[in-house]
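Student: So here's target09.csv (CSV, C-alpha atoms and all ligand atoms).
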chain,number,residue,atom,x,y,z
A,235,MET,CA,-50.9,-26.6,39.9
A,236,ARG,CA,-54.6,-27.4,40.5
A,237,ALA,CA,-55.8,-28.0,44.0
A,238,PHE,CA,-57.9,-31.1,44.5
A,239,ARG,CA,-60.9,-29.1,45.4
A,240,VAL,CA,-61.2,-28.5,41.7
A,241,GLY,CA,-62.1,-32.1,41.0
A,242,GLY,CA,-62.9,-31.9,37.3
A,243,LEU,CA,-59.7,-30.2,36.5
A,244,VAL,CA,-57.7,-32.8,38.3
A,245,ALA,CA,-59.3,-35.4,36.1
A,246,ALA,CA,-58.5,-33.3,33.1
A,247,ALA,CA,-54.8,-33.2,34.1
A,248,GLY,CA,-54.7,-36.9,33.3
A,249,LEU,CA,-53.7,-37.9,36.8
A,250,CYS,CA,-55.0,-40.9,38.4
A,251,GLY,CA,-58.3,-41.2,40.1
A,252,ALA,CA,-58.5,-42.2,43.7
A,253,ILE,CA,-55.3,-40.7,45.1
A,254,LEU,CA,-56.1,-37.4,43.5
A,255,ALA,CA,-59.7,-37.2,44.6
A,256,ILE,CA,-59.0,-35.7,48.0
A,257,GLY,CA,-61.1,-32.7,47.7
A,258,LEU,CA,-64.3,-32.0,45.8
A,259,PRO,CA,-66.0,-28.6,45.6
A,260,GLY,CA,-68.3,-27.7,48.4
A,261,CYS,CA,-67.5,-30.4,50.9
A,262,SER,CA,-64.7,-29.0,53.0
A,263,SER,CA,-65.6,-29.9,56.6
A,264,GLY,CA,-62.7,-31.4,58.4
A,265,GLN,CA,-59.6,-29.3,57.7
A,266,PRO,CA,-58.9,-26.3,59.9
A,267,ALA,CA,-59.2,-22.8,58.4
A,268,PHE,CA,-56.0,-20.9,58.1
A,269,LYS,CA,-55.8,-17.6,60.0
A,270,GLU,CA,-52.1,-16.7,60.5
A,271,PRO,CA,-48.7,-18.4,60.1
A,272,PRO,CA,-47.3,-20.8,60.6
A,273,VAL,CA,-49.0,-22.7,57.9
A,274,ARG,CA,-49.2,-26.3,59.1
A,275,VAL,CA,-48.1,-28.6,56.2
A,276,VAL,CA,-48.1,-32.3,56.1
A,277,VAL,CA,-46.0,-34.0,53.3
A,278,THR,CA,-45.4,-37.6,52.4
A,279,THR,CA,-41.7,-37.8,51.5
A,280,THR,CA,-38.5,-36.1,52.7
A,281,MET,CA,-37.8,-34.7,49.3
A,282,ILE,CA,-41.1,-32.8,49.4
A,283,ALA,CA,-40.5,-31.7,53.0
A,284,ASP,CA,-37.2,-30.1,51.9
A,285,LEU,CA,-38.9,-28.4,49.0
A,286,VAL,CA,-41.8,-27.0,51.1
A,287,LYS,CA,-39.3,-25.8,53.8
A,288,ARG,CA,-37.2,-24.0,51.2
A,289,VAL,CA,-40.2,-22.2,49.7
A,290,GLY,CA,-42.2,-21.7,52.9
A,291,GLY,CA,-39.3,-20.6,55.2
A,292,ASP,CA,-40.4,-19.4,58.6
A,293,ARG,CA,-44.0,-19.2,57.6
A,294,VAL,CA,-44.6,-22.9,57.6
A,295,THR,CA,-44.1,-26.0,59.8
A,296,VAL,CA,-43.7,-29.2,58.0
A,297,GLU,CA,-44.5,-32.7,59.2
A,298,THR,CA,-43.2,-35.6,57.2
A,299,LEU,CA,-45.1,-38.9,57.2
A,300,MET,CA,-42.3,-41.0,55.6
A,301,GLY,CA,-38.9,-40.3,57.2
A,302,PRO,CA,-35.3,-41.1,56.2
A,303,GLY,CA,-34.9,-44.6,54.9
A,304,VAL,CA,-38.6,-45.2,54.4
A,305,ASP,CA,-39.8,-46.8,51.2
A,306,PRO,CA,-42.8,-44.9,49.9
A,307,HIS,CA,-44.0,-47.6,47.5
A,308,ARG,CA,-44.6,-49.9,50.5
A,309,TYR,CA,-45.5,-47.4,53.2
A,310,LEU,CA,-48.8,-48.2,55.0
A,311,PRO,CA,-50.3,-45.1,56.6
A,312,SER,CA,-51.5,-45.3,60.1
A,313,LEU,CA,-54.7,-43.9,61.6
A,314,ASP,CA,-52.5,-41.3,63.2
A,315,ASP,CA,-51.3,-40.3,59.7
A,316,ARG,CA,-54.8,-39.8,58.6
A,317,LYS,CA,-55.5,-37.5,61.6
A,318,LYS,CA,-52.3,-35.5,60.8
A,319,ILE,CA,-53.5,-35.1,57.2
A,320,GLU,CA,-56.9,-33.8,58.3
A,321,ALA,CA,-55.4,-31.4,60.9
A,322,ALA,CA,-53.0,-29.8,58.4
A,323,HIS,CA,-53.7,-26.6,56.5
A,324,LEU,CA,-52.1,-28.0,53.4
A,325,VAL,CA,-51.0,-31.5,52.2
A,326,PHE,CA,-48.3,-32.1,49.6
A,327,PHE,CA,-47.5,-35.4,48.1
A,328,ASN,CA,-45.6,-36.7,45.1
A,329,GLY,CA,-48.4,-38.3,43.1
A,330,LEU,CA,-47.8,-40.5,40.1
A,331,HIS,CA,-48.6,-43.4,42.4
A,332,LEU,CA,-45.3,-43.1,44.3
A,333,GLU,CA,-47.3,-43.4,47.5
A,334,GLY,CA,-49.0,-46.6,46.3
A,335,LYS,CA,-50.6,-47.7,49.5
A,336,MET,CA,-51.8,-44.3,50.6
A,337,THR,CA,-54.6,-44.2,48.0
A,338,ASP,CA,-57.1,-45.4,50.5
A,339,THR,CA,-56.1,-42.8,53.1
A,340,PHE,CA,-56.4,-40.0,50.7
A,341,GLU,CA,-59.7,-41.4,49.6
A,342,LYS,CA,-61.0,-41.5,53.1
A,343,SER,CA,-59.9,-37.8,53.5
A,344,ARG,CA,-62.0,-36.9,50.4
A,345,GLY,CA,-63.5,-33.4,50.8
A,346,ARG,CA,-61.7,-32.7,54.0
A,347,VAL,CA,-58.1,-31.7,53.0
A,348,ARG,CA,-56.4,-29.4,50.6
A,349,GLY,CA,-54.1,-31.8,48.9
A,350,HIS,CA,-51.6,-31.1,46.1
A,351,ALA,CA,-49.5,-33.5,44.1
A,352,VAL,CA,-46.2,-31.6,43.5
A,353,THR,CA,-45.8,-33.4,40.1
A,354,ASP,CA,-49.2,-32.2,38.9
A,355,ALA,CA,-47.7,-29.2,37.0
A,356,ILE,CA,-45.2,-31.3,35.0
A,357,ASP,CA,-46.3,-31.7,31.4
A,358,ARG,CA,-47.2,-35.4,30.9
A,359,SER,CA,-45.1,-35.5,27.8
A,360,LEU,CA,-42.0,-35.1,30.0
A,361,LEU,CA,-42.8,-38.1,32.1
A,362,ARG,CA,-41.4,-41.6,31.6
A,363,HIS,CA,-44.0,-44.3,31.0
A,364,ALA,CA,-44.0,-47.1,33.5
A,365,ASP,CA,-46.6,-49.5,35.1
A,366,VAL,CA,-46.4,-48.6,38.7
A,367,ASP,CA,-48.9,-49.6,41.3
A,368,GLY,CA,-51.9,-48.8,39.1
A,369,GLY,CA,-50.3,-45.7,37.5
A,370,GLU,CA,-48.8,-45.2,34.1
A,371,HIS,CA,-45.8,-42.9,34.8
A,372,ASP,CA,-42.4,-43.3,36.6
A,373,PRO,CA,-42.9,-41.2,39.8
A,374,HIS,CA,-39.1,-40.7,40.6
A,375,VAL,CA,-39.0,-37.2,39.0
A,376,TRP,CA,-36.6,-35.8,41.6
A,377,PHE,CA,-33.6,-37.5,40.0
A,378,ASP,CA,-33.6,-35.1,37.1
A,379,VAL,CA,-32.8,-31.8,38.8
A,380,ALA,CA,-34.3,-29.7,36.0
A,381,LEU,CA,-37.6,-31.7,36.1
A,382,TRP,CA,-37.8,-31.5,39.9
A,383,SER,CA,-37.4,-27.7,39.7
A,384,ARG,CA,-40.8,-27.7,38.0
A,385,CYS,CA,-42.3,-28.8,41.3
A,386,VAL,CA,-41.3,-25.5,43.0
A,387,ALA,CA,-43.9,-23.3,41.4
A,388,PRO,CA,-46.9,-25.5,42.4
A,389,VAL,CA,-45.8,-25.4,46.1
A,390,LYS,CA,-45.3,-21.6,46.0
A,391,ASP,CA,-48.7,-21.1,44.3
A,392,ALA,CA,-50.5,-23.3,46.9
A,393,LEU,CA,-48.8,-21.4,49.8
A,394,VAL,CA,-49.6,-18.0,48.2
A,395,ALA,CA,-53.3,-19.0,47.7
A,396,LEU,CA,-53.7,-20.0,51.3
A,397,ASP,CA,-51.5,-17.3,52.9
A,398,PRO,CA,-51.5,-14.2,50.5
A,399,ALA,CA,-49.8,-12.0,53.2
A,400,GLY,CA,-46.7,-14.2,52.6
A,401,LYS,CA,-46.7,-13.8,48.9
A,402,ASP,CA,-43.4,-11.8,48.7
A,403,THR,CA,-41.6,-14.2,51.0
A,404,TYR,CA,-42.8,-17.3,49.1
A,405,GLU,CA,-41.9,-15.7,45.7
A,406,LYS,CA,-38.4,-14.7,46.8
A,407,ASN,CA,-37.7,-18.1,48.4
A,408,ALA,CA,-39.0,-19.9,45.3
A,409,ALA,CA,-36.8,-17.8,43.0
A,410,ASP,CA,-33.8,-18.4,45.2
A,411,HIS,CA,-34.4,-22.2,45.3
A,412,LEU,CA,-34.8,-22.3,41.5
A,413,LYS,CA,-31.5,-20.5,41.1
A,414,GLU,CA,-29.9,-23.1,43.4
A,415,LEU,CA,-31.4,-26.0,41.5
A,416,ASP,CA,-30.3,-24.6,38.2
A,417,ALA,CA,-26.7,-24.3,39.5
A,418,LEU,CA,-26.9,-27.8,40.9
A,419,ASP,CA,-28.0,-29.2,37.6
A,420,LYS,CA,-25.0,-27.6,35.8
A,421,GLU,CA,-22.7,-28.9,38.6
A,422,VAL,CA,-24.0,-32.4,38.3
A,423,ARG,CA,-23.7,-32.4,34.5
A,424,ALA,CA,-20.1,-31.4,34.7
A,425,GLU,CA,-19.2,-34.0,37.3
A,426,LEU,CA,-21.0,-36.8,35.5
A,427,ALA,CA,-19.4,-35.9,32.2
A,428,THR,CA,-16.1,-37.1,33.7
A,429,VAL,CA,-17.3,-40.7,33.6
A,430,PRO,CA,-16.3,-42.1,30.2
A,431,PRO,CA,-19.5,-42.8,28.1
A,432,ALA,CA,-18.8,-46.6,28.0
A,433,LYS,CA,-18.8,-46.7,31.8
A,434,ARG,CA,-22.1,-44.9,32.3
A,435,LYS,CA,-24.1,-47.9,33.4
A,436,LEU,CA,-25.9,-47.5,36.7
A,437,VAL,CA,-27.3,-50.7,38.4
A,438,THR,CA,-29.3,-50.3,41.6
A,439,SER,CA,-31.8,-52.2,43.8
A,440,HIS,CA,-34.9,-50.8,42.1
A,441,ASP,CA,-35.7,-48.8,39.0
A,442,ALA,CA,-35.6,-45.4,40.7
A,443,PHE,CA,-33.0,-43.8,38.4
A,444,GLY,CA,-34.7,-43.7,35.0
A,445,TYR,CA,-35.0,-39.9,35.0
A,446,PHE,CA,-31.4,-39.6,36.1
A,447,GLY,CA,-30.3,-41.8,33.3
A,448,ARG,CA,-32.4,-39.9,30.7
A,449,ALA,CA,-31.2,-36.5,31.9
A,450,TYR,CA,-27.5,-37.3,32.4
A,451,GLY,CA,-26.8,-40.0,29.8
A,452,PHE,CA,-26.6,-43.1,31.8
A,453,GLU,CA,-27.9,-46.6,31.0
A,454,VAL,CA,-29.9,-47.6,34.1
A,455,ARG,CA,-30.9,-51.1,35.4
A,456,GLY,CA,-32.7,-52.0,38.6
A,457,LEU,CA,-33.2,-55.5,40.1
A,458,GLN,CA,-36.8,-54.6,41.0
A,459,GLY,CA,-39.1,-52.6,38.9
A,460,VAL,CA,-40.1,-49.0,39.2
A,461,SER,CA,-42.0,-49.9,42.4
A,462,THR,CA,-40.6,-52.1,45.1
A,463,ALA,CA,-44.1,-53.4,45.8
A,464,SER,CA,-43.4,-56.4,43.6
A,465,GLU,CA,-40.5,-58.7,44.4
A,466,SER,CA,-37.8,-59.6,41.9
A,467,GLY,CA,-38.0,-63.2,40.5
A,468,THR,CA,-35.4,-65.7,39.2
A,469,LYS,CA,-35.8,-64.2,35.6
A,470,ASP,CA,-34.9,-60.7,36.9
A,471,VAL,CA,-31.9,-62.0,38.7
A,472,LYS,CA,-30.6,-63.9,35.7
A,473,GLU,CA,-31.1,-60.9,33.3
A,474,LEU,CA,-29.2,-58.6,35.6
A,475,VAL,CA,-26.4,-61.2,36.2
A,476,ASP,CA,-26.0,-61.6,32.5
A,477,TYR,CA,-26.0,-57.8,32.0
A,478,LEU,CA,-23.3,-57.3,34.6
A,479,GLY,CA,-21.2,-60.2,33.2
A,480,ALA,CA,-21.5,-59.2,29.6
A,481,ASN,CA,-20.7,-55.5,30.2
A,482,LYS,CA,-18.0,-56.2,32.9
A,483,ILE,CA,-19.7,-53.7,35.1
A,484,PRO,CA,-17.4,-52.9,38.1
A,485,ALA,CA,-20.0,-51.9,40.7
A,486,VAL,CA,-23.6,-51.9,41.7
A,487,PHE,CA,-25.3,-49.6,44.2
A,488,THR,CA,-27.5,-50.3,47.2
A,489,GLU,CA,-30.2,-47.8,48.2
A,490,THR,CA,-30.9,-46.5,51.7
A,491,SER,CA,-34.6,-47.2,51.5
A,492,VAL,CA,-34.4,-50.7,50.0
A,493,PRO,CA,-33.0,-54.0,51.5
A,494,ASP,CA,-29.8,-55.1,49.7
A,495,ALA,CA,-30.3,-58.9,50.0
A,496,GLY,CA,-31.5,-59.2,46.4
A,497,LEU,CA,-28.4,-57.5,45.0
A,498,LYS,CA,-26.1,-59.7,47.0
A,499,THR,CA,-27.7,-62.8,45.4
A,500,VAL,CA,-27.1,-61.2,42.0
A,501,LEU,CA,-23.4,-60.6,42.7
A,502,ASP,CA,-22.8,-64.1,44.1
A,503,THR,CA,-24.5,-65.5,41.0
A,504,CYS,CA,-22.4,-63.3,38.7
A,505,LEU,CA,-19.2,-64.5,40.3
A,506,ARG,CA,-20.3,-68.1,39.9
A,507,ASP,CA,-21.7,-67.9,36.3
A,508,HIS,CA,-19.4,-65.3,34.8
A,509,GLN,CA,-16.4,-65.4,37.0
A,510,HIS,CA,-16.9,-61.6,37.3
A,511,ALA,CA,-16.6,-59.9,40.7
A,512,VAL,CA,-18.8,-56.9,41.1
A,513,LYS,CA,-18.3,-54.5,44.0
A,514,LEU,CA,-21.4,-53.7,46.1
A,515,ILE,CA,-21.4,-50.0,47.0
A,516,GLY,CA,-23.3,-49.6,50.2
A,517,GLY,CA,-23.0,-48.5,53.9
A,518,ALA,CA,-22.3,-44.8,54.1
A,519,ASP,CA,-22.0,-44.8,50.3
A,520,ALA,CA,-25.5,-46.3,49.6
A,521,LEU,CA,-27.5,-44.1,47.2
A,522,TYR,CA,-30.4,-42.1,48.5
A,523,SER,CA,-33.3,-43.1,46.2
A,524,ASP,CA,-36.8,-42.6,47.6
A,525,ALA,CA,-35.9,-40.8,50.8
A,526,LEU,CA,-33.3,-38.3,52.0
A,527,GLY,CA,-30.8,-39.0,54.7
A,528,GLU,CA,-31.0,-38.6,58.5
A,529,PRO,CA,-30.7,-35.0,59.8
A,530,GLY,CA,-27.1,-34.1,60.1
A,531,THR,CA,-25.9,-36.3,57.3
A,532,PRO,CA,-24.8,-35.0,53.9
A,533,GLY,CA,-28.0,-36.4,52.3
A,534,ALA,CA,-30.4,-34.6,54.7
A,535,THR,CA,-31.4,-32.0,52.1
A,536,TYR,CA,-32.3,-32.5,48.4
A,537,VAL,CA,-29.2,-30.7,47.2
A,538,GLY,CA,-27.0,-32.7,49.6
A,539,MET,CA,-28.7,-36.0,48.5
A,540,ILE,CA,-28.0,-35.3,44.8
A,541,ARG,CA,-24.4,-34.3,45.5
A,542,HIS,CA,-23.8,-37.4,47.6
A,543,ASN,CA,-25.3,-39.7,44.9
A,544,VAL,CA,-23.3,-38.1,42.1
A,545,SER,CA,-20.1,-38.2,44.0
A,546,VAL,CA,-20.6,-41.9,44.9
A,547,ILE,CA,-21.5,-42.8,41.3
A,548,VAL,CA,-18.6,-41.0,39.8
A,549,ASN,CA,-16.1,-42.5,42.2
A,550,ALA,CA,-17.2,-46.0,41.6
A,551,LEU,CA,-17.6,-46.0,37.9
A,552,ARG,CA,-14.9,-43.6,36.6
A,601,ZN,ZN,-39.0,-45.9,44.1
Translate the structure described by the file into structure tokens.
Tutor:
Amino acid sequence: MRAFRVGGLVAAAGLCGAILAIGLPGCSSGQPAFKEPPVRVVVTTTMIADLVKRVGGDRVTVETLMGPGVDPHRYLPSLDDRKKIEAAHLVFFNGLHLEGKMTDTFEKSRGRVRGHAVTDAIDRSLLRHADVDGGEHDPHVWFDVALWSRCVAPVKDALVALDPAGKDTYEKNAADHLKELDALDKEVRAELATVPPAKRKLVTSHDAFGYFGRAYGFEVRGLQGVSTASESGTKDVKELVDYLGANKIPAVFTETSVPDAGLKTVLDTCLRDHQHAVKLIGGADALYSDALGEPGTPGATYVGMIRHNVSVIVNALR
């Protein structure tokens, strides 16, 4: 992965302008120099926090700006967030415009932080196209476990570059985590394969599961688009209602980081127009989409979140 300090290469990577333009050569003034562990890391989302903790182990401390249940598309950073970013040794974020409203914050930190988009190392040809908050790719790469595993090396490389004394630790942790993710991918494939192909239709609040569908053979629909920043309209509701009615879909899924009022309207309309009752899967069974669960819950880690989602999906659709 390329650090933002190498401004020209970032542009060459085809990533978007403002959010990536954190650091430019020769203008590092604000961020503290790193001397010895712990490496102070600030991350945007809980998925990235889990990844950095796994690779960094005891040599890092991780502060997460967007906690459990927080929607990154709509997250408005505070002045305090900007201070945290500038006080960190390293900053990791998703990129691909997931953090749509943080562009301005990163722009204001220009030249003062070492920032890395964890998705930077993913070959652009592997990304799904989508119009999202000014970007051109779907940012929800973590729902394809194999694709997410490509974000491990960039985190490891950035930590090694800053803290070379920890190289062996970071490399071992990264290798261990990659093995775990590989096993998880196989486990998920086996479990999802128990859902009959005709029933592999996943309907959620917003279009976060496109990579999931592509990787594991599900047709995916969301009431809202790839970003939650734009509200769904009457046309979106009608299309989804007709889809549910025509395919006699038994269940739709709420997400922990998105309000479920929109989906409730869809289900009421589906019952009225198609006389088809659809179950709303929510509460403790809500899917984790753009944030992990609270500490102590099964969804508090990346691996736990994927297992929770897969188990809920399989139980409801099989
Ligand atoms: Zn999302």
Student: Here is a test: counting only C-alpha atoms and all ligand atoms, which residue of A:Gly368, A:Pro306, A:Pro388, A:Gly527 is nearest to ligand ZN 601 (chain A)?
Tutor: A:Pro306
Student: Check which residues fall inside 10 Å of ligand ZN 601 (chain A) when counting only C-alpha atoms and all ligand atoms, and print them as a list in words.
Tutor: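 If we count only C-alpha atoms and all ligand atoms, the neighbours of ligand ZN 601 (chain A) turn out to be Asp305, Pro306, His307, Arg308, Leu332, Glu333, Val366, Asp372, Pro373, His374, Ser439, His440, Asp441, Ala442, Phe443, Gln458, Gly459, Val460, Ser461, Thr462, Ala463, Glu489, Ser491, Val492, Ser523, Asp524 and Ala525 of chain A.
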Student: Restricting the calculation to only C-alpha atoms, which member of A:Gln509, A:Leu418, A:Leu381, A:Gly538 is positioned closest to Phe446 of chain A?
Tutor: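 When distances to Phe446 of chain A are compared using only C-alpha atoms, the smallest one comes from A:Leu381.
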Student: Give me the residues near Thr353 of chain A as a ChimeraX atom specification, where near means some atom within 7 Å (using only C-alpha atoms) and where sequence neighbours in that chain fewer than 6 positions away do not count.
Tutor: /A:328-329,385
Student: Measuring atom to atom with only C-alpha atoms, identify which of A:Val454, A:Arg506, A:Leu526, A:Thr488 is nearest to Val475 of chain A.
Tutor: A:Arg506
Student: Go through A:Val471, A:Ser312, A:Gly516, A:Val379 one by one, measure the shortest atom-to-atom distance of each to Leu412 of chain A using only C-alpha atoms, and give the residue with the smallest value.
Tutor: A:Val379
Student: Quote the spacing between atom CA of His350 of chain A and atom CA of Gly264 of chain A in Å to one decimal place.
Tutor: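 Separation between atom CA of His350 of chain A and atom CA of Gly264 of chain A: 16.6 Å.
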Student: Which is closer to His510 of chain A than all the others in A:Asp476, A:Asp354, A:Asp494, A:Glu297, using all atoms listed in the file?
Tutor: A:Asp476
Student: For a quick check of understanding, using all atoms listed in the file, which of A:Lys335, A:Arg448, A:Lys401, A:Lys498 has the smallest distance to Val375 of chain A?
Tutor: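 Of all the options, A:Arg448 lies closest to Val375 of chain A.
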Student: Given the point (-50.1, -15.9, 51.8) in the file's coordinates, find the residues that have an atom at most 12 Å from it, counting all atoms listed in the file, and give them as JSON, numbers by chain.
Tutor: {"A": [268, 269, 270, 271, 272, 273, 289, 290, 293, 294, 389, 390, 391, 392, 393, 394, 395, 396, 397, 398, 399, 400, 401, 402, 403, 404, 405]}
Student: For the selection you just gave me, I'd like the residues written to a file as a PDB file, in the frame of the given file, keeping C-alpha atoms.
Tutor:
ATOM      1  CA  PHE A 268     -56.000 -20.900  58.100  1.00  0.00           C
ATOM      2  CA  LYS A 269     -55.800 -17.600  60.000  1.00  0.00           C
ATOM      3  CA  GLU A 270     -52.100 -16.700  60.500  1.00  0.00           C
ATOM      4  CA  PRO A 271     -48.700 -18.400  60.100  1.00  0.00           C
ATOM      5  CA  PRO A 272     -47.300 -20.800  60.600  1.00  0.00           C
ATOM      6  CA  VAL A 273     -49.000 -22.700  57.900  1.00  0.00           C
ATOM      7  CA  VAL A 289     -40.200 -22.200  49.700  1.00  0.00           C
ATOM      8  CA  GLY A 290     -42.200 -21.700  52.900  1.00  0.00           C
ATOM      9  CA  ARG A 293     -44.000 -19.200  57.600  1.00  0.00           C
ATOM     10  CA  VAL A 294     -44.600 -22.900  57.600  1.00  0.00           C
ATOM     11  CA  VAL A 389     -45.800 -25.400  46.100  1.00  0.00           C
ATOM     12  CA  LYS A 390     -45.300 -21.600  46.000  1.00  0.00           C
ATOM     13  CA  ASP A 391     -48.700 -21.100  44.300  1.00  0.00           C
ATOM     14  CA  ALA A 392     -50.500 -23.300  46.900  1.00  0.00           C
ATOM     15  CA  LEU A 393     -48.800 -21.400  49.800  1.00  0.00           C
ATOM     16  CA  VAL A 394     -49.600 -18.000  48.200  1.00  0.00           C
ATOM     17  CA  ALA A 395     -53.300 -19.000  47.700  1.00  0.00           C
ATOM     18  CA  LEU A 396     -53.700 -20.000  51.300  1.00  0.00           C
ATOM     19  CA  ASP A 397     -51.500 -17.300  52.900  1.00  0.00           C
ATOM     20  CA  PRO A 398     -51.500 -14.200  50.500  1.00  0.00           C
ATOM     21  CA  ALA A 399     -49.800 -12.000  53.200  1.00  0.00           C
ATOM     22  CA  GLY A 400     -46.700 -14.200  52.600  1.00  0.00           C
ATOM     23  CA  LYS A 401     -46.700 -13.800  48.900  1.00  0.00           C
ATOM     24  CA  ASP A 402     -43.400 -11.800  48.700  1.00  0.00           C
ATOM     25  CA  THR A 403     -41.600 -14.200  51.000  1.00  0.00           C
ATOM     26  CA  TYR A 404     -42.800 -17.300  49.100  1.00  0.00           C
ATOM     27  CA  GLU A 405     -41.900 -15.700  45.700  1.00  0.00           C
TER      28      GLU A 405
END
Student: Go ahead and compute the interatomic distance for atom CA of Leu299 of chain A and atom CA of Thr278 of chain A, in Å to one decimal.
Tutor: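 Taking atom CA of Leu299 of chain A and atom CA of Thr278 of chain A, their separation equals 5.0 Å.
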Student: What is the atom CA of Ser464 of chain A to atom CA of Leu514 of chain A distance in Å?
Tutor: 22.3 Å
Student: At a cut-off of 12 Å around the point (-55.5, -38.8, 61.3) (file coordinates), what residues fall inside when counting all atoms listed in the file? I'd like the answer as a PyMOL selection string.
Tutor: chain A and resi 264-265+276+299+311-322+339-340+342-343+346-347
Student: Can you list, as a ChimeraX atom specification, every protein, DNA or RNA residue that comes within 12 Å of Leu415 of chain A when you count all atoms listed in the file, leaving out same-chain residues fewer than 3 positions away?
Tutor: /A:285,288,376-386,408-412,418-422,536-538,540-541
Student: Give me, as CSV, the closest atom pair and its distance (Å, one decimal) for every residue of segment 473-510 of chain A within a cut-off of 9 Å of segment 425-437 of chain A, counting only C-alpha atoms, rows sorted by chain and rising number.
Tutor:
residue,atom,partner,partner_atom,distance
A:Leu474,CA,A:Val437,CA,8.6
A:Leu478,CA,A:Val437,CA,8.6
A:Asn481,CA,A:Lys435,CA,8.9
A:Ile483,CA,A:Lys435,CA,7.5
A:Pro484,CA,A:Lys433,CA,8.9
A:Ala485,CA,A:Val437,CA,7.7
A:Val486,CA,A:Val437,CA,5.1
A:Phe487,CA,A:Val437,CA,6.2
A:Thr488,CA,A:Val437,CA,8.8
